[in-house]
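**Student:** Have a peek at my_file.pdb (PDB, C-alpha atoms and all ligand atoms).
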```
ATOM      1  CA  ILE A  21     179.402  46.785 134.534
ATOM      2  CA  ARG A  22     179.260  49.274 137.395
ATOM      3  CA  ARG A  23     179.553  52.642 135.696
ATOM      4  CA  VAL A  24     178.866  53.825 132.110
ATOM      5  CA  ALA A  25     179.358  57.175 130.411
ATOM      6  CA  VAL A  26     177.013  58.725 127.858
ATOM      7  CA  LEU A  27     177.622  61.516 125.357
ATOM      8  CA  THR A  28     175.873  63.143 122.418
ATOM      9  CA  SER A  29     177.993  63.970 119.393
ATOM     10  CA  GLY A  30     177.764  65.480 115.897
ATOM     11  CA  GLY A  31     174.642  67.325 114.749
ATOM     12  CA  ASP A  32     171.985  67.459 117.448
ATOM     13  CA  ALA A  33     168.681  65.701 116.773
ATOM     14  CA  PRO A  34     165.284  65.993 118.480
ATOM     15  CA  GLY A  35     164.962  63.025 120.826
ATOM     16  CA  MET A  36     168.584  62.958 121.977
ATOM     17  CA  ASN A  37     167.424  64.151 125.403
ATOM     18  CA  ALA A  38     164.908  61.322 125.594
ATOM     19  CA  ALA A  39     167.754  58.897 124.841
ATOM     20  CA  VAL A  40     169.985  60.388 127.559
ATOM     21  CA  ARG A  41     167.083  60.148 130.000
ATOM     22  CA  ALA A  42     166.522  56.509 129.071
ATOM     23  CA  VAL A  43     170.199  55.639 129.594
ATOM     24  CA  VAL A  44     170.325  57.356 132.984
ATOM     25  CA  ARG A  45     167.084  55.841 134.245
ATOM     26  CA  THR A  46     167.811  52.335 132.967
ATOM     27  CA  GLY A  47     171.175  52.574 134.708
ATOM     28  CA  ALA A  48     169.521  53.693 137.952
ATOM     29  CA  GLN A  49     167.030  50.862 137.751
ATOM     30  CA  GLN A  50     169.793  48.294 137.115
ATOM     31  CA  GLY A  51     172.246  49.620 139.718
ATOM     32  CA  VAL A  52     174.645  51.023 137.097
ATOM     33  CA  GLU A  53     176.002  54.533 137.649
ATOM     34  CA  VAL A  54     175.795  56.897 134.670
ATOM     35  CA  VAL A  55     178.248  59.695 133.955
ATOM     36  CA  GLY A  56     177.243  62.376 131.456
ATOM     37  CA  VAL A  57     179.949  63.818 129.189
ATOM     38  CA  ARG A  58     179.406  67.389 128.018
ATOM     39  CA  ARG A  59     180.271  68.612 124.476
ATOM     40  CA  GLY A  60     180.757  65.157 122.942
ATOM     41  CA  PHE A  61     184.263  63.869 122.275
ATOM     42  CA  SER A  62     185.721  67.386 122.688
ATOM     43  CA  GLY A  63     184.450  67.515 126.241
ATOM     44  CA  LEU A  64     185.564  63.952 126.897
ATOM     45  CA  HIS A  65     189.259  64.574 126.434
ATOM     46  CA  ARG A  66     188.942  67.812 128.406
ATOM     47  CA  GLY A  67     187.373  65.864 131.291
ATOM     48  CA  GLU A  68     183.924  67.503 131.223
ATOM     49  CA  LEU A  69     182.148  64.674 133.070
ATOM     50  CA  THR A  70     179.500  64.661 135.761
ATOM     51  CA  LEU A  71     177.463  61.962 137.508
ATOM     52  CA  LEU A  72     173.783  61.943 136.497
ATOM     53  CA  GLY A  73     170.887  60.611 138.560
ATOM     54  CA  PRO A  74     167.260  60.041 137.567
ATOM     55  CA  ARG A  75     166.195  63.514 138.789
ATOM     56  CA  ASP A  76     168.892  65.198 136.679
ATOM     57  CA  VAL A  77     167.055  64.048 133.564
ATOM     58  CA  ALA A  78     163.579  65.085 134.713
ATOM     59  CA  ASN A  79     161.563  67.308 132.383
ATOM     60  CA  ILE A  80     163.776  66.805 129.318
ATOM     61  CA  ILE A  81     161.912  64.135 127.336
ATOM     62  CA  GLN A  82     159.984  66.845 125.469
ATOM     63  CA  ARG A  83     162.937  69.150 124.835
ATOM     64  CA  GLY A  84     164.771  69.493 121.513
ATOM     65  CA  GLY A  85     168.559  69.789 121.301
ATOM     66  CA  THR A  86     170.707  68.003 123.856
ATOM     67  CA  ILE A  87     171.242  68.968 127.498
ATOM     68  CA  LEU A  88     174.688  67.353 127.298
ATOM     69  CA  LEU A  89     175.646  69.734 124.468
ATOM     70  CA  THR A  90     177.332  68.432 121.340
ATOM     71  CA  ALA A  91     180.258  69.210 119.072
ATOM     72  CA  ARG A  92     181.988  68.096 115.910
ATOM     73  CA  SER A  93     185.384  67.317 117.455
ATOM     74  CA  HIS A  94     188.624  67.984 115.544
ATOM     75  CA  SER A  95     190.991  66.909 118.309
ATOM     76  CA  TRP A  96     189.363  63.472 118.349
ATOM     77  CA  ARG A  97     190.748  62.860 114.851
ATOM     78  CA  SER A  98     194.267  62.559 116.297
ATOM     79  CA  PRO A  99     195.445  59.416 118.161
ATOM     80  CA  GLU A 100     196.679  61.683 120.984
ATOM     81  CA  GLY A 101     193.210  63.188 121.433
ATOM     82  CA  ARG A 102     191.654  59.730 121.667
ATOM     83  CA  ALA A 103     194.334  58.564 124.105
ATOM     84  CA  ARG A 104     193.523  61.529 126.354
ATOM     85  CA  GLY A 105     189.828  60.689 126.180
ATOM     86  CA  ALA A 106     190.484  57.030 127.043
ATOM     87  CA  GLN A 107     192.578  58.100 130.030
ATOM     88  CA  VAL A 108     189.769  60.336 131.292
ATOM     89  CA  LEU A 109     187.348  57.405 131.105
ATOM     90  CA  ARG A 110     189.787  55.189 133.008
ATOM     91  CA  ASP A 111     190.297  57.916 135.643
ATOM     92  CA  TRP A 112     186.532  57.979 136.133
ATOM     93  CA  ASN A 113     186.373  54.149 136.362
ATOM     94  CA  VAL A 114     184.012  53.992 133.417
ATOM     95  CA  ASP A 115     183.335  50.437 132.153
ATOM     96  CA  GLY A 116     181.636  51.387 128.883
ATOM     97  CA  LEU A 117     180.691  54.384 126.733
ATOM     98  CA  ILE A 118     177.342  55.021 125.043
ATOM     99  CA  VAL A 119     177.598  57.357 122.055
ATOM    100  CA  ILE A 120     174.412  58.969 120.744
ATOM    101  CA  GLY A 121     175.095  60.358 117.269
ATOM    102  CA  GLY A 122     175.606  59.638 113.589
ATOM    103  CA  ASP A 123     178.261  57.947 111.465
ATOM    104  CA  GLY A 124     181.055  60.433 112.271
ATOM    105  CA  SER A 125     180.490  59.869 115.987
ATOM    106  CA  PHE A 126     180.426  56.103 115.471
ATOM    107  CA  HIS A 127     183.801  56.316 113.678
ATOM    108  CA  GLY A 128     185.221  58.020 116.767
ATOM    109  CA  ALA A 129     183.653  55.458 119.097
ATOM    110  CA  HIS A 130     184.930  52.576 116.973
ATOM    111  CA  LEU A 131     188.507  53.917 117.118
ATOM    112  CA  LEU A 132     188.287  54.367 120.887
ATOM    113  CA  GLN A 133     187.375  50.723 121.301
ATOM    114  CA  GLU A 134     189.942  49.464 118.754
ATOM    115  CA  GLU A 135     192.831  51.490 120.149
ATOM    116  CA  HIS A 136     192.076  51.487 123.869
ATOM    117  CA  GLY A 137     189.767  48.540 124.486
ATOM    118  CA  ILE A 138     186.964  50.665 125.915
ATOM    119  CA  PRO A 139     183.598  48.961 125.242
ATOM    120  CA  VAL A 140     181.348  51.258 123.203
ATOM    121  CA  ILE A 141     177.713  51.113 122.137
ATOM    122  CA  GLY A 142     176.226  53.428 119.504
ATOM    123  CA  VAL A 143     172.708  54.845 119.610
ATOM    124  CA  PRO A 144     171.575  56.224 116.212
ATOM    125  CA  GLY A 145     170.828  59.921 116.679
ATOM    126  CA  THR A 146     170.686  61.981 113.484
ATOM    127  CA  ILE A 147     167.923  63.612 111.491
ATOM    128  CA  ASP A 148     169.399  62.158 108.274
ATOM    129  CA  ASN A 149     168.241  58.542 108.828
ATOM    130  CA  ASP A 150     171.361  57.443 106.948
ATOM    131  CA  LEU A 151     172.597  54.638 109.218
ATOM    132  CA  TYR A 152     172.452  51.034 108.129
ATOM    133  CA  GLY A 153     171.085  48.676 110.808
ATOM    134  CA  THR A 154     168.015  50.558 111.968
ATOM    135  CA  ASP A 155     164.796  51.421 110.177
ATOM    136  CA  HIS A 156     164.849  54.924 111.623
ATOM    137  CA  THR A 157     167.235  57.166 113.510
ATOM    138  CA  ILE A 158     166.312  59.352 116.472
ATOM    139  CA  GLY A 159     165.291  62.816 115.249
ATOM    140  CA  TYR A 160     164.270  61.786 111.758
ATOM    141  CA  PHE A 161     160.516  61.769 112.373
ATOM    142  CA  THR A 162     160.560  65.243 113.918
ATOM    143  CA  ALA A 163     162.708  66.677 111.120
ATOM    144  CA  VAL A 164     160.250  65.356 108.537
ATOM    145  CA  GLU A 165     157.325  66.953 110.416
ATOM    146  CA  THR A 166     159.153  70.286 110.654
ATOM    147  CA  ALA A 167     160.070  70.297 106.971
ATOM    148  CA  LEU A 168     156.544  69.264 106.021
ATOM    149  CA  ASP A 169     155.045  72.114 108.018
ATOM    150  CA  ALA A 170     157.285  74.540 106.090
ATOM    151  CA  VAL A 171     156.346  72.967 102.753
ATOM    152  CA  ASP A 172     152.623  73.357 103.530
ATOM    153  CA  LYS A 173     153.164  77.040 104.277
ATOM    154  CA  LEU A 174     155.241  77.609 101.154
ATOM    155  CA  ARG A 175     152.512  75.922  99.140
ATOM    156  CA  ASP A 176     150.000  78.565 100.322
ATOM    157  CA  THR A 177     152.096  81.455  99.114
ATOM    158  CA  GLY A 178     153.281  79.568  96.011
ATOM    159  CA  ALA A 179     149.746  78.817  94.896
ATOM    160  CA  SER A 180     148.632  82.413  95.522
ATOM    161  CA  HIS A 181     151.392  83.758  93.269
ATOM    162  CA  GLU A 182     151.251  80.828  90.840
ATOM    163  CA  ARG A 183     154.975  80.321  91.374
ATOM    164  CA  ILE A 184     157.196  77.278  91.435
ATOM    165  CA  PHE A 185     158.780  76.671  94.835
ATOM    166  CA  VAL A 186     162.023  74.714  94.901
ATOM    167  CA  ILE A 187     162.622  73.664  98.505
ATOM    168  CA  GLU A 188     165.906  72.283  99.808
ATOM    169  CA  VAL A 189     165.786  69.928 102.773
ATOM    170  CA  MET A 190     168.638  68.471 104.845
ATOM    171  CA  GLY A 191     169.886  64.889 104.811
ATOM    172  CA  ARG A 192     173.599  65.256 104.058
ATOM    173  CA  HIS A 193     174.322  62.536 101.424
ATOM    174  CA  ALA A 194     170.935  60.825 101.762
ATOM    175  CA  GLY A 195     167.471  61.500 100.362
ATOM    176  CA  HIS A 196     165.313  60.009 103.120
ATOM    177  CA  ILE A 197     163.944  63.312 104.438
ATOM    178  CA  ALA A 198     163.397  64.608 100.895
ATOM    179  CA  LEU A 199     161.456  61.551  99.815
ATOM    180  CA  ASP A 200     159.155  61.455 102.833
ATOM    181  CA  VAL A 201     158.502  65.186 102.600
ATOM    182  CA  ALA A 202     157.837  64.950  98.846
ATOM    183  CA  VAL A 203     155.200  62.255  99.290
ATOM    184  CA  ALA A 204     153.593  63.768 102.392
ATOM    185  CA  GLY A 205     153.733  67.282 100.933
ATOM    186  CA  GLY A 206     152.297  66.332  97.549
ATOM    187  CA  ALA A 207     155.333  67.587  95.633
ATOM    188  CA  GLU A 208     155.407  67.573  91.835
ATOM    189  CA  GLU A 209     159.027  66.445  91.704
ATOM    190  CA  VAL A 210     161.819  65.313  94.023
ATOM    191  CA  PHE A 211     165.593  65.236  93.540
ATOM    192  CA  ILE A 212     167.664  62.905  95.746
ATOM    193  CA  PRO A 213     171.362  61.993  95.691
ATOM    194  CA  GLU A 214     170.478  58.319  95.207
ATOM    195  CA  ASP A 215     169.176  59.113  91.719
ATOM    196  CA  HIS A 216     171.440  61.069  89.370
ATOM    197  CA  LYS A 217     168.841  62.655  87.144
ATOM    198  CA  PRO A 218     169.699  65.955  85.418
ATOM    199  CA  VAL A 219     168.561  69.323  86.834
ATOM    200  CA  ASP A 220     166.303  70.000  83.859
ATOM    201  CA  SER A 221     164.261  66.843  84.386
ATOM    202  CA  ALA A 222     161.740  68.968  86.313
ATOM    203  CA  VAL A 223     161.024  71.150  83.283
ATOM    204  CA  GLN A 224     158.612  68.769  81.625
ATOM    205  CA  VAL A 225     156.885  67.950  84.922
ATOM    206  CA  VAL A 226     156.299  71.627  85.645
ATOM    207  CA  GLN A 227     155.098  72.336  82.093
ATOM    208  CA  GLU A 228     152.648  69.460  82.386
ATOM    209  CA  SER A 229     151.325  70.657  85.730
ATOM    210  CA  VAL A 230     150.738  74.161  84.332
ATOM    211  CA  ARG A 231     148.936  72.626  81.345
ATOM    212  CA  LYS A 232     146.717  70.651  83.717
ATOM    213  CA  GLY A 233     145.765  73.861  85.482
ATOM    214  CA  LYS A 234     147.749  73.443  88.698
ATOM    215  CA  LYS A 235     148.202  76.780  90.451
ATOM    216  CA  GLY A 236     151.736  76.282  91.699
ATOM    217  CA  SER A 237     154.281  73.530  91.917
ATOM    218  CA  ILE A 238     156.442  72.207  94.721
ATOM    219  CA  VAL A 239     159.817  70.678  93.916
ATOM    220  CA  ILE A 240     161.802  69.105  96.780
ATOM    221  CA  VAL A 241     165.585  68.889  96.526
ATOM    222  CA  ALA A 242     167.767  66.998  99.011
ATOM    223  CA  GLU A 243     170.837  68.997 100.002
ATOM    224  CA  GLY A 244     173.048  66.126  98.818
ATOM    225  CA  TYR A 245     171.687  66.237  95.251
ATOM    226  CA  ALA A 246     174.611  67.301  93.052
ATOM    227  CA  GLY A 247     172.691  69.800  90.895
ATOM    228  CA  GLY A 248     171.589  71.848  93.948
ATOM    229  CA  ALA A 249     168.255  73.588  94.558
ATOM    230  CA  GLN A 250     169.371  76.744  92.732
ATOM    231  CA  GLY A 251     170.486  74.649  89.771
ATOM    232  CA  VAL A 252     167.049  73.027  89.580
ATOM    233  CA  ALA A 253     165.271  76.397  89.886
ATOM    234  CA  ASP A 254     167.449  77.968  87.176
ATOM    235  CA  ALA A 255     166.760  75.037  84.867
ATOM    236  CA  ILE A 256     163.000  75.380  85.422
ATOM    237  CA  THR A 257     163.055  79.121  84.705
ATOM    238  CA  ALA A 258     165.208  78.605  81.600
ATOM    239  CA  GLY A 259     163.019  75.784  80.325
ATOM    240  CA  THR A 260     159.564  77.192  81.102
ATOM    241  CA  GLY A 261     159.942  80.961  81.535
ATOM    242  CA  LEU A 262     158.056  80.616  84.834
ATOM    243  CA  GLU A 263     158.882  82.398  88.059
ATOM    244  CA  THR A 264     160.651  80.280  90.684
ATOM    245  CA  ARG A 265     161.659  80.832  94.287
ATOM    246  CA  VAL A 266     164.228  78.794  96.202
ATOM    247  CA  SER A 267     163.733  78.155  99.897
ATOM    248  CA  ILE A 268     166.480  76.443 101.900
ATOM    249  CA  LEU A 269     164.967  75.151 105.126
ATOM    250  CA  GLY A 270     168.320  74.600 106.873
ATOM    251  CA  HIS A 271     168.861  74.124 110.584
ATOM    252  CA  ILE A 272     165.252  74.750 111.560
ATOM    253  CA  GLN A 273     164.870  71.025 110.705
ATOM    254  CA  ARG A 274     167.113  70.094 113.636
ATOM    255  CA  GLY A 275     165.123  71.948 116.292
ATOM    256  CA  GLY A 276     161.840  71.632 118.142
ATOM    257  CA  SER A 277     160.161  69.296 120.547
ATOM    258  CA  PRO A 278     160.525  65.667 119.405
ATOM    259  CA  VAL A 279     157.374  63.994 118.075
ATOM    260  CA  SER A 280     156.134  60.875 119.844
ATOM    261  CA  SER A 281     157.823  58.417 117.445
ATOM    262  CA  ASP A 282     161.235  59.955 118.179
ATOM    263  CA  ARG A 283     160.633  59.962 121.937
ATOM    264  CA  ILE A 284     159.566  56.322 121.904
ATOM    265  CA  LEU A 285     162.438  55.219 119.655
ATOM    266  CA  ALA A 286     164.926  57.127 121.841
ATOM    267  CA  SER A 287     163.502  55.609 125.009
ATOM    268  CA  ARG A 288     163.711  52.065 123.635
ATOM    269  CA  LEU A 289     167.217  52.474 122.227
ATOM    270  CA  GLY A 290     168.574  54.237 125.320
ATOM    271  CA  GLU A 291     167.297  51.365 127.448
ATOM    272  CA  ALA A 292     168.659  48.793 124.975
ATOM    273  CA  ALA A 293     172.115  50.431 125.001
ATOM    274  CA  VAL A 294     172.533  49.912 128.753
ATOM    275  CA  TYR A 295     171.277  46.329 128.543
ATOM    276  CA  ALA A 296     173.673  45.707 125.622
ATOM    277  CA  LEU A 297     176.679  46.764 127.702
ATOM    278  CA  MET A 298     175.433  44.665 130.634
ATOM    279  CA  ASP A 299     175.071  41.665 128.285
ATOM    280  CA  GLY A 300     178.678  42.010 127.116
ATOM    281  CA  GLN A 301     177.941  43.542 123.703
ATOM    282  CA  ARG A 302     180.819  45.635 122.343
ATOM    283  CA  GLY A 303     181.301  47.915 119.341
ATOM    284  CA  VAL A 304     177.739  47.697 118.054
ATOM    285  CA  MET A 305     174.928  50.116 117.325
ATOM    286  CA  VAL A 306     171.585  49.318 118.876
ATOM    287  CA  GLY A 307     168.874  49.806 116.289
ATOM    288  CA  ARG A 308     165.256  49.008 115.749
ATOM    289  CA  THR A 309     163.809  47.224 112.746
ATOM    290  CA  ALA A 310     160.446  45.581 112.168
ATOM    291  CA  GLY A 311     161.791  42.539 113.987
ATOM    292  CA  GLY A 312     162.706  44.405 117.178
ATOM    293  CA  ILE A 313     166.013  45.530 118.695
ATOM    294  CA  THR A 314     169.066  44.781 116.546
ATOM    295  CA  TYR A 315     172.848  44.980 117.076
ATOM    296  CA  THR A 316     174.965  46.026 114.096
ATOM    297  CA  PRO A 317     178.789  46.260 114.219
ATOM    298  CA  LEU A 318     179.581  49.983 114.216
ATOM    299  CA  HIS A 319     181.671  49.894 111.037
ATOM    300  CA  GLU A 320     178.773  48.284 109.111
ATOM    301  CA  THR A 321     176.522  51.247 109.945
ATOM    302  CA  TRP A 322     178.546  53.484 107.631
ATOM    303  CA  GLU A 323     180.092  50.892 105.275
ATOM    304  CA  ASN A 324     176.710  49.574 104.133
ATOM    305  CA  ARG A 325     174.525  52.181 102.499
ATOM    306  CA  LYS A 326     170.914  52.298 103.614
ATOM    307  CA  ASP A 327     168.970  52.820 100.401
ATOM    308  CA  VAL A 328     165.878  54.998 100.184
ATOM    309  CA  SER A 329     162.609  53.181  99.732
ATOM    310  CA  ARG A 330     162.317  52.621  95.982
ATOM    311  CA  ASP A 331     158.581  51.990  96.372
ATOM    312  CA  LEU A 332     158.165  55.375  97.967
ATOM    313  CA  TYR A 333     160.187  56.987  95.170
ATOM    314  CA  ARG A 334     157.876  55.418  92.601
ATOM    315  CA  CYS A 335     154.865  56.523  94.665
ATOM    316  CA  ALA A 336     156.134  60.145  94.673
ATOM    317  CA  ARG A 337     156.291  60.103  90.861
ATOM    318  CA  THR A 338     152.950  58.334  90.407
ATOM    319  CA  LEU A 339     151.017  60.741  92.624
ATOM    320  CA  SER A 340     152.341  63.903  91.016
ATOM    321  CA  VAL A 341     150.238  63.198  87.911
TER
HETATM  322  O1  LIG A 401     173.745  65.369 110.077
HETATM  323  C1  LIG A 401     172.776  66.306 110.389
HETATM  324  C2  LIG A 401     172.921  67.528 109.533
HETATM  325  O2  LIG A 401     171.907  68.454 109.887
HETATM  326  C3  LIG A 401     172.885  67.283 108.025
HETATM  327  O3  LIG A 401     171.583  67.093 107.540
HETATM  328  C4  LIG A 401     173.584  68.515 107.503
HETATM  329  O4  LIG A 401     174.196  68.233 106.264
HETATM  330  C5  LIG A 401     174.603  68.798 108.572
HETATM  331  O5  LIG A 401     174.170  68.150 109.748
HETATM  332  C6  LIG A 401     174.821  70.265 108.886
HETATM  333  O6  LIG A 401     175.875  70.360 109.791
HETATM  334  P1  LIG A 401     176.232  71.657 110.649
HETATM  335  O7  LIG A 401     175.229  71.774 111.743
HETATM  336  O8  LIG A 401     177.594  71.382 111.166
HETATM  337  O9  LIG A 401     176.146  72.824 109.738
END
```
Will you turn the file into structure tokens for me?
Ligand code: F6P
**Tutor:**
Amino acid sequence: IRRVAVLTSGGDAPGMNAAVRAVVRTGAQQGVEVVGVRRGFSGLHRGELTLLGPRDVANIIQRGGTILLTARSHSWRSPEGRARGAQVLRDWNVDGLIVIGGDGSFHGAHLLQEEHGIPVIGVPGTIDNDLYGTDHTIGYFTAVETALDAVDKLRDTGASHERIFVIEVMGRHAGHIALDVAVAGGAEEVFIPEDHKPVDSAVQVVQESVRKGKKGSIVIVAEGYAGGAQGVADAITAGTGLETRVSILGHIQRGGSPVSSDRILASRLGEAAVYALMDGQRGVMVGRTAGGITYTPLHETWENRKDVSRDLYRCARTLSV
């Protein structure tokens, strides 16, 4: 392996820059040239590539977003788009591609390897933490902190007005962020897509908490929960007559300086991705579990569902007493 390319793709996540830095610096240390691709797969087939040296990634470890820019590519969905991208990589004499992103990006990477034989390695970068094969994804820890900070602030105003706050957090089809935020934020109730309970199941919980003299209540709803935050709030108002407010935290959860856990995870996985290519690994995601660095075939990362922690779910219910 003499030259590798790196790109960030899909939704940005805090810590992606730390991962890019780790790839570039591991390459420099191992005598492997690193080419940065701008704007993900869209930029790849347009030839937006540039050589990166260790100084090009100075002063980015603490920055949110991605200096390489990112995109959700439509052209990549066509075989012609992927063929163009593969040709660009061949023109640049690239021996392997490192893709930092989520399951959609890994699909694209997988197809590139299947159709054109270009070795690819995935690095899990998404706030959703929804990839099988790693305990955590880069950006997840920071997103939880950001959402938690918002929940704490909403609790202040909620308690002052004795209102019920129904707060929607991101996570796409997964409830990992919601569950962590519910436990850490002391929420009365949490709705996640992994559990199909009805919207009005918060009514009794809220009635109970009022009876016990609680000043306000916090209900966390994952964006992937079918009933929706507004549906939950409407059900609470209808069932209790109490005033509710819905707060959708949205893209704020994707921004900000990465917390230390994301920087460290990104640094380890960026380093591991370069070593994986050097060791002849192909078509796998580098991840980190309690046992250390792991390699999971890309297709397994989206075919196998990573469940939420059932213990934590029970804990959230127990502690809302
Ligand atoms: O995958 C990250 C994520 O922020 C999800 O939590 C959310 O569903 C989605 O991306 C939002 O995508 P977009 O930035 O394209 O609106």
**Student:** Let me make sure I understand: among A:Ile118, A:Ile147, A:Val40, A:Leu88, which one has the smallest atom-to-atom distance to ligand LIG 401 (chain A) if we use all atoms listed in the file?
**Tutor:**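 For ligand LIG 401 (chain A), the nearest of the given residues is A:Ile147.
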**Student:** Taking (156.0, 62.4, 119.5) in the file's coordinates, which residues come within 12 Å, counting all atoms listed in the file, written as an mmCIF file with C-alpha atoms, keeping the file's coordinate frame?
**Tutor:**
```cif
data_model
loop_
_atom_site.group_PDB
_atom_site.id
_atom_site.type_symbol
_atom_site.label_atom_id
_atom_site.label_comp_id
_atom_site.auth_asym_id
_atom_site.auth_seq_id
_atom_site.Cartn_x
_atom_site.Cartn_y
_atom_site.Cartn_z
ATOM 1 C CA PRO A 34 165.284 65.993 118.480
ATOM 2 C CA GLY A 35 164.962 63.025 120.826
ATOM 3 C CA ALA A 38 164.908 61.322 125.594
ATOM 4 C CA ILE A 81 161.912 64.135 127.336
ATOM 5 C CA GLN A 82 159.984 66.845 125.469
ATOM 6 C CA ARG A 83 162.937 69.150 124.835
ATOM 7 C CA GLY A 84 164.771 69.493 121.513
ATOM 8 C CA ILE A 158 166.312 59.352 116.472
ATOM 9 C CA GLY A 159 165.291 62.816 115.249
ATOM 10 C CA TYR A 160 164.270 61.786 111.758
ATOM 11 C CA PHE A 161 160.516 61.769 112.373
ATOM 12 C CA THR A 162 160.560 65.243 113.918
ATOM 13 C CA ALA A 163 162.708 66.677 111.120
ATOM 14 C CA GLU A 165 157.325 66.953 110.416
ATOM 15 C CA GLY A 276 161.840 71.632 118.142
ATOM 16 C CA SER A 277 160.161 69.296 120.547
ATOM 17 C CA PRO A 278 160.525 65.667 119.405
ATOM 18 C CA VAL A 279 157.374 63.994 118.075
ATOM 19 C CA SER A 280 156.134 60.875 119.844
ATOM 20 C CA SER A 281 157.823 58.417 117.445
ATOM 21 C CA ASP A 282 161.235 59.955 118.179
ATOM 22 C CA ARG A 283 160.633 59.962 121.937
ATOM 23 C CA ILE A 284 159.566 56.322 121.904
ATOM 24 C CA LEU A 285 162.438 55.219 119.655
ATOM 25 C CA ALA A 286 164.926 57.127 121.841
ATOM 26 C CA SER A 287 163.502 55.609 125.009
#
```
**Student:** Using the chain letters and numbers from the file, which residues does the PyMOL selection byres (((not hetatm)) within 8 of (chain A and resi 401)) grab, as a ChimeraX atom specification?
**Tutor:** /A:30-33,92,122,146-148,190-193,243-244,270-271,273-274
**Student:** Can you write just those residues out, C-alpha atoms, as an mmCIF file, keeping the file's coordinate frame?
**Tutor:**
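What ended up in part_18.cif:
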```cif
data_model
loop_
_atom_site.group_PDB
_atom_site.id
_atom_site.type_symbol
_atom_site.label_atom_id
_atom_site.label_comp_id
_atom_site.auth_asym_id
_atom_site.auth_seq_id
_atom_site.Cartn_x
_atom_site.Cartn_y
_atom_site.Cartn_z
ATOM 1 C CA GLY A 30 177.764 65.480 115.897
ATOM 2 C CA GLY A 31 174.642 67.325 114.749
ATOM 3 C CA ASP A 32 171.985 67.459 117.448
ATOM 4 C CA ALA A 33 168.681 65.701 116.773
ATOM 5 C CA ARG A 92 181.988 68.096 115.910
ATOM 6 C CA GLY A 122 175.606 59.638 113.589
ATOM 7 C CA THR A 146 170.686 61.981 113.484
ATOM 8 C CA ILE A 147 167.923 63.612 111.491
ATOM 9 C CA ASP A 148 169.399 62.158 108.274
ATOM 10 C CA MET A 190 168.638 68.471 104.845
ATOM 11 C CA GLY A 191 169.886 64.889 104.811
ATOM 12 C CA ARG A 192 173.599 65.256 104.058
ATOM 13 C CA HIS A 193 174.322 62.536 101.424
ATOM 14 C CA GLU A 243 170.837 68.997 100.002
ATOM 15 C CA GLY A 244 173.048 66.126 98.818
ATOM 16 C CA GLY A 270 168.320 74.600 106.873
ATOM 17 C CA HIS A 271 168.861 74.124 110.584
ATOM 18 C CA GLN A 273 164.870 71.025 110.705
ATOM 19 C CA ARG A 274 167.113 70.094 113.636
#
```
**Student:** Could you check which of A:Ile256, A:Leu332, A:Val77, A:Val55 is closest to Phe185 of chain A, using only C-alpha atoms?
**Tutor:** A:Ile256
**Student:** Quick one: pull the distance between atom CA of Leu132 of chain A and atom CA of Arg59 of chain A, Å, one decimal.
**Tutor:** 16.7 Å
**Student:** Using the chain letters and numbers from the file, which residues does the PyMOL selection byres (((chain A and resi 262) around 10) and not hetatm) grab, as a PyMOL selection string?
**Tutor:** chain A and resi 182-184+226-227+230+253+256-261+263-264
**Student:** With only C-alpha atoms as the counted atoms, please give the residues lying no more than 10 Å from Arg102 of chain A, apart from itself and same-chain residues fewer than 4 positions off, as a VMD selection string.
**Tutor:** chain A and resid 61 to 62 64 to 65 95 to 98 106 to 108 128 to 129 131 to 133 135 to 136
**Student:** For the residues selected in the previous step, produce a file with C-alpha atoms as a PDB file, keeping the file's coordinate frame.
**Tutor:**
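Result went into part_2.pdb, see below:
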```pdb
ATOM      1  CA  PHE A  61     184.263  63.869 122.275  1.00  0.00           C
ATOM      2  CA  SER A  62     185.721  67.386 122.688  1.00  0.00           C
ATOM      3  CA  LEU A  64     185.564  63.952 126.897  1.00  0.00           C
ATOM      4  CA  HIS A  65     189.259  64.574 126.434  1.00  0.00           C
ATOM      5  CA  SER A  95     190.991  66.909 118.309  1.00  0.00           C
ATOM      6  CA  TRP A  96     189.363  63.472 118.349  1.00  0.00           C
ATOM      7  CA  ARG A  97     190.748  62.860 114.851  1.00  0.00           C
ATOM      8  CA  SER A  98     194.267  62.559 116.297  1.00  0.00           C
ATOM      9  CA  ALA A 106     190.484  57.030 127.043  1.00  0.00           C
ATOM     10  CA  GLN A 107     192.578  58.100 130.030  1.00  0.00           C
ATOM     11  CA  VAL A 108     189.769  60.336 131.292  1.00  0.00           C
ATOM     12  CA  GLY A 128     185.221  58.020 116.767  1.00  0.00           C
ATOM     13  CA  ALA A 129     183.653  55.458 119.097  1.00  0.00           C
ATOM     14  CA  LEU A 131     188.507  53.917 117.118  1.00  0.00           C
ATOM     15  CA  LEU A 132     188.287  54.367 120.887  1.00  0.00           C
ATOM     16  CA  GLN A 133     187.375  50.723 121.301  1.00  0.00           C
ATOM     17  CA  GLU A 135     192.831  51.490 120.149  1.00  0.00           C
ATOM     18  CA  HIS A 136     192.076  51.487 123.869  1.00  0.00           C
TER      19      HIS A 136
END
```
**Student:** Point out the residue among A:Pro213, A:Pro99, A:Ala242, A:Val52 with the least atom-to-atom distance to Glu134 of chain A, counting all atoms listed in the file.
**Tutor:** A:Pro99
